[in-house]
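Containing PDB, C-alpha atoms: work_16.pdb.
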ATOM      1  CA  MET G 174     -22.793 119.059 186.086
ATOM      2  CA  HIS G 175     -19.159 118.230 185.377
ATOM      3  CA  GLY G 176     -19.613 114.525 186.144
ATOM      4  CA  LYS G 177     -21.113 113.672 182.767
ATOM      5  CA  LYS G 178     -18.234 115.347 180.940
ATOM      6  CA  MET G 179     -15.677 113.306 182.880
ATOM      7  CA  ILE G 180     -17.182 109.878 182.208
ATOM      8  CA  ALA G 181     -15.817 109.389 178.666
ATOM      9  CA  PRO G 182     -12.201 110.430 179.407
ATOM     10  CA  ILE G 183     -12.153 108.215 182.502
ATOM     11  CA  ILE G 184     -13.515 105.168 180.674
ATOM     12  CA  ILE G 185     -11.149 105.618 177.728
ATOM     13  CA  THR G 186      -8.183 106.031 180.075
ATOM     14  CA  ILE G 187      -9.122 102.906 182.029
ATOM     15  CA  LEU G 188      -9.342 100.906 178.800
ATOM     16  CA  PHE G 189      -5.986 102.181 177.536
ATOM     17  CA  VAL G 190      -4.267 101.574 180.890
ATOM     18  CA  LEU G 191      -5.645  98.016 181.060
ATOM     19  CA  TYR G 192      -4.453  97.396 177.501
ATOM     20  CA  TYR G 193      -0.969  98.774 178.137
ATOM     21  CA  VAL G 194      -0.535  96.948 181.452
ATOM     22  CA  GLY G 195      -1.778  93.720 179.877
ATOM     23  CA  PHE G 196       0.618  94.141 176.977
ATOM     24  CA  ALA G 197       3.496  94.735 179.410
ATOM     25  CA  CYS G 198       2.588  91.602 181.373
ATOM     26  CA  VAL G 199       2.506  89.541 178.195
ATOM     27  CA  CYS G 200       5.918  90.906 177.221
ATOM     28  CA  PHE G 201       7.394  89.879 180.570
ATOM     29  CA  TYR G 202       6.023  86.323 180.365
ATOM     30  CA  ILE G 203       7.064  85.497 176.798
ATOM     31  CA  GLU G 204       9.810  82.914 176.866
ATOM     32  CA  GLY G 205      12.686  82.815 174.446
ATOM     33  CA  ILE G 206      13.471  86.514 174.165
ATOM     34  CA  PRO G 207      16.369  88.188 175.993
ATOM     35  CA  LEU G 208      15.778  89.930 179.310
ATOM     36  CA  ILE G 209      16.699  93.346 177.899
ATOM     37  CA  ALA G 210      14.034  92.983 175.209
ATOM     38  CA  LYS G 211      11.476  92.048 177.872
ATOM     39  CA  ILE G 212      12.385  95.125 179.863
ATOM     40  CA  VAL G 213      12.248  97.466 176.870
ATOM     41  CA  PHE G 214       9.049  96.048 175.404
ATOM     42  CA  GLY G 215       7.475  95.928 178.863
ATOM     43  CA  ALA G 216       8.568  99.372 180.042
ATOM     44  CA  VAL G 217       7.309 101.311 177.023
ATOM     45  CA  PRO G 218       3.641 100.352 177.537
ATOM     46  CA  LEU G 219       3.933 101.121 181.247
ATOM     47  CA  ILE G 220       5.283 104.581 180.423
ATOM     48  CA  LEU G 221       2.413 105.094 177.981
ATOM     49  CA  ALA G 222      -0.065 104.057 180.694
ATOM     50  CA  ALA G 223       1.451 106.639 183.048
ATOM     51  CA  VAL G 224       1.163 109.307 180.345
ATOM     52  CA  CYS G 225      -2.509 108.396 179.843
ATOM     53  CA  VAL G 226      -3.179 108.876 183.558
ATOM     54  CA  TYR G 227      -1.339 112.223 183.527
ATOM     55  CA  VAL G 228      -3.381 113.426 180.537
ATOM     56  CA  LEU G 229      -6.578 112.314 182.280
ATOM     57  CA  ILE G 230      -5.677 114.341 185.362
ATOM     58  CA  GLU G 231      -5.001 117.389 183.179
ATOM     59  CA  ARG G 232      -8.336 116.910 181.371
ATOM     60  CA  ILE G 233     -10.254 116.632 184.645
ATOM     61  CA  GLU G 234      -8.641 119.851 185.853
ATOM     62  CA  GLU G 235      -9.669 121.562 182.584
ATOM     63  CA  ILE G 236     -13.250 120.378 182.965
ATOM     64  CA  ARG G 237     -13.457 121.508 186.586
ATOM     65  CA  SER G 238     -11.996 124.922 185.793
ATOM     66  CA  GLY G 239     -14.486 125.491 183.001
ATOM     67  CA  GLU G 240     -12.014 125.469 180.104
ATOM     68  CA  GLU G 241     -14.105 123.508 177.652
ATOM     69  CA  ASP G 242     -12.508 124.670 174.444
ATOM     70  CA  ASP G 243      -8.766 125.251 174.250
ATOM     71  CA  LEU G 244      -9.235 127.069 170.945
ATOM     72  CA  GLY G 245     -11.163 129.800 172.745
ATOM     73  CA  GLU G 246      -7.869 131.182 174.025
ATOM     74  CA  TYR G 247      -6.645 132.085 170.542
TER      75      TYR G 247
END
Just give me the structure of the file as structure tokens.
Amino acid sequence: MHGKKMIAPIIITILFVLYYVGFACVCFYIEGIPLIAKIVFGAVPLILAAVCVYVLIERIEEIRSGEEDDLGEY
């Protein structure tokens, strides 16, 4: 029952994580920019990828617990 509701968040998260990790890899392999810039421009997408995974875990927990609509609490 809950499996169908988890498909879209999982697919979107996978796509975003692949994009962010790919962007970070490209930043690390660009020649001609200082190392500090590579680290900064590479670390930010990796942090965003980690945040995406965290939000996915939270969403899966919401779906499993039956909280479909956060507005229902107000």
Computed interatomic separation between atom CA of Gly239 of chain G and atom CA of Tyr227 of chain G (Å):
18.7 Å
Exercise: Arg232 of chain G partners within 8 Å, only C-alpha atoms, chain neighbours under 4 positions left out, as a PDB file with C-alpha atoms, keeping the file's coordinate frame:
ATOM      1  CA  PRO G 182     -12.201 110.430 179.407  1.00  0.00           C
ATOM      2  CA  VAL G 228      -3.381 113.426 180.537  1.00  0.00           C
ATOM      3  CA  ILE G 236     -13.250 120.378 182.965  1.00  0.00           C
TER       4      ILE G 236
END
Leaving out Phe201 of chain G and any residue of its chain fewer than 6 positions from it, which residues lie within 10 Å of it when counting only C-alpha atoms, given as a list in words?
Gly195, Leu208, Ala210, Lys211, Ile212, Val213, Phe214, Gly215 and Ala216 of chain G
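Shortest separation to Cys198 of chain G among G:Val224, G:Val217, G:Ile185, G:Ile180 occurs at residue G:Val217, atoms counted being only C-alpha atoms.
Take atom CA of Ala181 of chain G and atom CA of Leu221 of chain G: the distance between them is 18.7 Å.
Here atom CA of Ile183 of chain G stands at a distance of 11.7 Å from atom CA of Glu231 of chain G.
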Under the PyMOL selection byres ((chain G and resi 190-193) around 8), which residues of this model are included? Write them out as a VMD selection string.
chain G and resid 186 to 189 194 to 197 218 to 219 221 to 223 225 to 226
Can I get the selection written as a CSV table (one decimal), in the coordinates of the input, with C-alpha atoms?
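Below is the file that was written, out18.csv:
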chain,number,residue,atom,x,y,z
G,186,THR,CA,-8.2,106.0,180.1
G,187,ILE,CA,-9.1,102.9,182.0
G,188,LEU,CA,-9.3,100.9,178.8
G,189,PHE,CA,-6.0,102.2,177.5
G,194,VAL,CA,-0.5,96.9,181.5
G,195,GLY,CA,-1.8,93.7,179.9
G,196,PHE,CA,0.6,94.1,177.0
G,197,ALA,CA,3.5,94.7,179.4
G,218,PRO,CA,3.6,100.4,177.5
G,219,LEU,CA,3.9,101.1,181.2
G,221,LEU,CA,2.4,105.1,178.0
G,222,ALA,CA,-0.1,104.1,180.7
G,223,ALA,CA,1.5,106.6,183.0
G,225,CYS,CA,-2.5,108.4,179.8
G,226,VAL,CA,-3.2,108.9,183.6
Might I get the box with edges along x, y and z of the file that holds all atoms of segment 195-200 of chain G listed there, padded by 8 Å on every side, given as centre and edge lengths in Å to one decimal, as lines of an AutoDock Vina configuration file?
center_x = 2.1
center_y = 92.1
center_z = 179.2
size_x = 23.7
size_y = 21.2
size_z = 20.4
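Of the residues listed (G:Gly205, G:Ile220, G:Lys177, G:Ile184), G:Lys177 shows the shortest atom-to-atom separation from Arg237 of chain G; distances use all atoms listed in the file.
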